[in-house]
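> This is the structure I want to talk about, given as structure tokens.
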6 protein chains.
Amino acid sequence: MNIAVYPGSFDPVTSGHLDIIRRAVTLFDQVIVAVAYNSAKEPLFTVSERLEMLRTVLADLPNVRVDAYRGLTVRYAQEQGARALIRGLRAVSDFESEFTMALTNKKLAPEIETVFLMTEAKYSFISSGSVKEVARYQGCLDDMVPDPVARMLRDKFR
Amino acid sequence: MNIAVYPGSFDPVTSGHLDIIRRAVTLFDQVIVAVAYNSAKEPLFTVSERLEMLRTVLADLPNVRVDAYRGLTVRYAQEQGARALIRGLRAVSDFESEFTMALTNKKLAPEIETVFLMTEAKYSFISSGSVKEVARYQGCLDDMVPDPVARMLRDKFR
Amino acid sequence: MNIAVYPGSFDPVTSGHLDIIRRAVTLFDQVIVAVAYNSAKEPLFTVSERLEMLRTVLADLPNVRVDAYRGLTVRYAQEQGARALIRGLRAVSDFESEFTMALTNKKLAPEIETVFLMTEAKYSFISSGSVKEVARYQGCLDDMVPDPVARMLRDKFR
Amino acid sequence: MNIAVYPGSFDPVTSGHLDIIRRAVTLFDQVIVAVAYNSAKEPLFTVSERLEMLRTVLADLPNVRVDAYRGLTVRYAQEQGARALIRGLRAVSDFESEFTMALTNKKLAPEIETVFLMTEAKYSFISSGSVKEVARYQGCLDDMVPDPVARMLRDKFR
Amino acid sequence: MNIAVYPGSFDPVTSGHLDIIRRAVTLFDQVIVAVAYNSAKEPLFTVSERLEMLRTVLADLPNVRVDAYRGLTVRYAQEQGARALIRGLRAVSDFESEFTMALTNKKLAPEIETVFLMTEAKYSFISSGSVKEVARYQGCLDDMVPDPVARMLRDKFR
Amino acid sequence: MNIAVYPGSFDPVTSGHLDIIRRAVTLFDQVIVAVAYNSAKEPLFTVSERLEMLRTVLADLPNVRVDAYRGLTVRYAQEQGARALIRGLRAVSDFESEFTMALTNKKLAPEIETVFLMTEAKYSFISSGSVKEVARYQGCLDDMVPDPVARMLRDKFR
């Protein structure tokens with residue numbers, strides 16, 4: 001079975017992430033959306049909240065599994081029997097850091113391929129960071145995140 | 001069956017292209033390496049020579065097919081029943097033009113996904129253009145192209 | 001009166017160009033859309049055809065004027081009494097060449113400001129070049145160019 | 001009246017910022033230089049000090065107003081009746097983050113245009129961050145900031 | 001004597017840094033590898049540990065000297081009688097910040113030239129940050145850092 | 001003796017090229033400014049004219065030699081006993097192509113180092129191409145090229 005891991009912080013998951021996941025499921029038998037425990041920055045949502053959020057918005061996709069992991073991403077992918085890591089590209093600055101990360105991962109686990117997919121142009125300006133900034137000041141979140149995530153964001157910043 | 005098309009000029013095929021093809025075959029059931037007839041620039045090798053060259057260097061890969069096509073790349077991919085277009089990324093400047101092309105292709109054929117793979121760092125400086133420049137002045141082509149291509153290049157510039 | 005010149009090849013005008021023009025008219029009293037005679041590349045449409053095309057698609061905008069010019073862009077802008085040159089930015093590669101051009105123009109005519117506007121994300125992948133490529137192979141041009149331009153492109157490539 | 005808001009941290013205002021403001025006043029009837037309260041980083045100068053600093057160095061420009069704001073930039077711009085946000089571009093990395101911010105702002109307030117102006121080449125290497133670094137170690141600040149700002153910086157780091 | 005300073009955090013020194021140093025010694029009579037005391041971030045190794053580490057891995061290079069400094073890099077270079085600062089370039093994002101720093105340094109000390117060297121492609125994905133990330137999770141450090149540094153990293157994260 | 005080759009088309013030499021040469025002579029015992037015969041594009045000035053132009057504007061620099069060469073740049077550098085190739089960097093787009101060229105040259109001649117120097121900010125917008133464009137339409141060339149080059153350009157376009 002052709003398994004791919006889509007790792008990330010998903011703090012919170014955005015419409016751009018969902019776009020990438022919906023593209024990935026047409027290419028792989030199973031896609032594991034994997035929340036990294038060891039993200040450097042102070043998160044807004046706990047890992048549990050992020051898992052719940054992802055399970056809610058991905059409920060209609062049968063070949064997607066939601067999980068969390070600690071440690072090196074490639075080691076987690078190896079344990080899951082994955083052949084590929086999925087990464088979304090939006091902009092040139094993404095490209096640079098992703099390129100570096102892909103080459104490091106290739107060195108650590110040569111049998112796992114990093115596969116880059118591109119978001120639709122209309123999602124190219126959305127990031128978890130800009131979503132949180134808009135939510136903090138009660139800006140309109142339509143089209144930036146799915147409705148359940150918008151509700152969870154409004155609750156956080158009330 | 002999960003089919004992908006890897007389109008390009010391949011004038012000539014480089015070690016970087018081969019690296020991308022070897023990565024793609026681990027992810028797809030069949031990879032079609034497709035030479036575009038309608039490339040804008042004055043080519044060094046005819047389409048026939050490029051097909052022969054590709055068949056020689058890809059002979060050991062059973063699930064790779066070599067072909068040529070005219071017209072829009074996505075239309076060719078649709079005719080082949082492909083689910084994905086493969087593109088290699090080496091550098092930021094690649095990224096920009098590839099991003100534009102991927103968005104145009106997505107608009108023309110939303111059911112076909114563009115999948116980006118990255119070459120190993122050691123191939124990141126190799127392009128068909130730089131290979132021809134080195135060959136023109138009898139520079140050493142080792143590691144830049146496979147041996148049969150190096151011979152064909154030396155013949156061209158004798 | 002606050003006059004701005006929007007110079008370009010417009011070979012042909014795209015939906016992205018129109019987006020920039022519609023943004024510019026909210027900021028300036030008059031916008032002159034100016035076709036450059038001295039463009040380096042082999043054009044698809046004559047300057048007359050491009051002027052006709054622009055006048056057709058801009059007919060509903062009262063404070064827009066369509067014109068053609070020869071020679072240095074800043075000299076033309078000075079003759080028109082313009083205070084600003086309008087340029088659209090879509091991508092990082094645009095940015096670099098536009099930055100260089102803006103600094104050269106500033107040196108030649110310090111009193112004229114280059115004003116950059118950004119196209120909506122959905123137009124960011126459209127260029128005159130990609131439009132011509134799609135038209136050449138009878139691809140669908142919806143949303144890439146206004147309808148009269150799509151008709152003129154289909155006539156050219158019949 | 002054609003009003004533009006030039007938002008920023010201005011911690012401190014640099015010669016590059018002043019260059020942008022002097023360009024903006026030739027294009028708009030009024031330019032509001034607006035200090036954002038909610039900047040993420042630990043500032044060197046308080047908002048009051050930054051307002052005082054801006055008022056001092058902009059005293060000769062009659063159609064410039066200095067202000068501070070909280071919350072979303074576009075909401076502040078709407079309250080001021082502004083038609084445009086002014087942003088300066090110096091480099092490719094500016095471009096990327098500015099592009100993302102402009103698209104987010106366009107979604108939140110479609111009637112407000114983001115207008116990008118470019119600093120002169122000689123200011124392209126100056127940022128508030130590099131100015132503070134130079135001041136911290138008593139380096140020469142000539143041409144990087146106006147004289148009153150240089151004095152305030154020397155006082156801070158004494 | 002033609003002296004160059006290679007400044008940095010070296011937290012820790014990587015195989016990429018060593019590659020730059022080995023290139024620099026063919027061009028200059030003496031290369032001073034200089035650890036900056038005043039780096040903004042929380043370091044993993046103390047300055048003493050970094051000096052020891054550098055002296056160990058550079059012991060075979062007679063015209064290299066290891067040192068530490070406080071304050072502005074150009075002032076340190078002036079005190080050492082250096083004619084040049086050495087910087088390594090790996091990627092576009094390096095380029096931008098290095099370009100800004102080089103122009104600032106040129107303004108502060110016009111007689112000192114910044115000289116950029118490029119790492120081999122195989123080191124282009126290695127940074128002190130990615131090395132620490134790999135070490136934290138017990139990933140393989142071969143080829144990323146010299147052996148004594150790998151041992152010191154393993155000790156830190158035990 | 002520490003010899004460096006500064007290769008290029010110099011069609012024509014600009015104030016930016018001169019800035020690079022004046023920086024290079026402080027670092028090397030001899031700098032050979034080398035005009036490439038085999039440049040792809042249609043030149044404005046013959047190689048003889050370019051050599052004459054360079055000799056005129058570099059007459060005051062005793063350790064600079066002007067020459068022309070055919071074939072691979074690194075082979076010419078080897079024949080001259082050079083230890084380094086000098087390249088100027090102005091912008092991100094320069095960086096990408098220069099990076100690729102440097103890695104190719106490193107593969108062909110590992111003993112020759114490519115050394116990148118940066119032009120002053122005020123020269124960062126000047127290229128041979130933009131100079132020719134300005135000269136073609138009788139724009140002011142002050143500060144873009146040295147006076148003898150401005151005269152030769154005016155003669156060409158009369």
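Here's how to read the names in the structure tokens: chain A, B, ... by the order shown, residue numbers from 1 in each chain, ligand numbers from 1 in the order shown.
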Would you kindly return, as a list in words, each protein, DNA or RNA residue with an atom no farther than 9 Å from any atom of stretch 129-137 of chain E, considering only C-alpha atoms and excluding same-chain residues fewer than 6 positions away?
Gly71, Leu72, Thr100, Met101, Thr104 and Leu108 of chain A; Asp11, Pro12, Thr14, Leu44, Met144, Val145, Ala150, Leu153, Arg154, Lys156, Phe157 and Arg158 of chain E
> If we count only C-alpha atoms, which residues of chain D reach to within 6 Å of chain C? Please list them as a ChimeraX atom specification.
/D:115-117
> Can you write out the residues you just picked, keeping N, CA, C and O atoms, as a compact mmCIF listing (two decimals), in the first residue's frame?

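That gives us result-v7.txt:
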# COMPACT_ATOMS: atom_id res chain seq x y z
N VAL D 115 -0.58 50.02 -1.84
CA VAL D 115 0.27 50.70 -2.82
C VAL D 115 1.71 50.54 -2.37
O VAL D 115 2.05 50.93 -1.25
N PHE D 116 2.53 49.97 -3.25
CA PHE D 116 3.93 49.74 -2.90
C PHE D 116 4.82 50.78 -3.56
O PHE D 116 4.70 51.02 -4.77
N LEU D 117 5.69 51.37 -2.76
CA LEU D 117 6.67 52.32 -3.28
C LEU D 117 8.05 51.75 -2.98
O LEU D 117 8.21 50.98 -2.03
> Could you give me, as a short mmCIF file (atom, residue, chain, number, x, y, z; two decimals) with C-alpha atoms, in the first residue's frame, the residues within 12 Å of stretch 51-67 of chain C, counting only C-alpha atoms and dropping anything in the same chain fewer than 4 positions from it?

data_model
loop_
_atom_site.label_atom_id
_atom_site.label_comp_id
_atom_site.auth_asym_id
_atom_site.auth_seq_id
_atom_site.Cartn_x
_atom_site.Cartn_y
_atom_site.Cartn_z
CA MET C 1 -4.83 66.58 -11.81
CA ASN C 2 -3.25 63.39 -10.58
CA ILE C 3 -2.32 61.45 -13.76
CA ALA C 4 -0.70 57.99 -13.91
CA VAL C 5 0.71 56.07 -16.88
CA TYR C 6 0.37 52.26 -16.98
CA PRO C 7 2.89 51.20 -19.65
CA GLY C 8 3.22 47.74 -21.17
CA SER C 9 3.18 45.52 -24.23
CA PHE C 10 -0.38 44.25 -23.66
CA ASP C 11 0.16 41.53 -26.28
CA PRO C 12 -2.64 40.75 -25.43
CA VAL C 13 -4.18 42.49 -22.41
CA THR C 14 -5.08 39.89 -19.75
CA SER C 15 -7.57 39.73 -16.87
CA HIS C 17 -3.87 43.74 -16.43
CA LEU C 18 -7.54 44.73 -16.17
CA ASP C 19 -7.47 44.01 -12.44
CA ILE C 21 -6.26 49.11 -14.15
CA ARG C 22 -9.46 48.86 -12.09
CA ARG C 23 -7.40 49.30 -8.93
CA ALA C 24 -5.45 52.24 -10.36
CA VAL C 25 -8.56 54.25 -11.30
CA THR C 26 -9.61 54.42 -7.65
CA LEU C 27 -6.30 56.14 -6.81
CA PHE C 28 -5.72 58.53 -9.71
CA ASP C 29 -7.82 61.13 -11.55
CA GLN C 30 -6.72 59.75 -14.91
CA VAL C 31 -4.96 56.54 -15.91
CA ILE C 32 -3.26 56.38 -19.34
CA VAL C 33 -2.84 52.78 -20.52
CA ALA C 34 0.15 53.12 -22.85
CA VAL C 35 1.29 50.52 -25.40
CA ALA C 36 5.06 50.59 -25.97
CA TYR C 37 6.03 50.51 -29.68
CA PHE C 45 -0.88 41.58 -32.27
CA THR C 46 0.02 44.85 -34.02
CA VAL C 47 0.00 48.02 -31.93
CA TYR C 76 6.45 59.83 -22.37
CA ALA C 77 5.13 60.14 -18.79
CA GLN C 80 1.69 63.56 -20.41
CA VAL C 145 -8.62 37.21 -20.76
CA PRO C 146 -11.86 39.19 -21.32
CA ASP C 147 -14.20 37.69 -23.96
CA PRO C 148 -13.33 40.07 -26.86
CA VAL C 149 -9.64 39.21 -26.39
CA ALA C 150 -10.42 35.47 -26.34
CA ARG C 151 -12.19 35.90 -29.71
CA MET C 152 -9.27 37.84 -31.20
CA LEU C 153 -6.85 35.14 -29.97
#
> Report the residues of stretch 4-125 of chain E whose backbone DSSP state falls under strand (DSSP E), written as a ChimeraX atom specification.
/E:4-8,30-36,64-69,84-89,113-118
> Which residues in stretch 20-139 of chain C does DSSP call alpha helix (DSSP H)? List them as number ranges by chain.
C: 20-24, 47-57, 73-79, 92-108, 128-136
> Just the number, please: distance in Å from atom CA of C:Asp142 to atom CA of D:Ala109, one decimal.
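According to the coordinates, atom CA of C:Asp142 and atom CA of D:Ala109 are separated by 26.4 Å.
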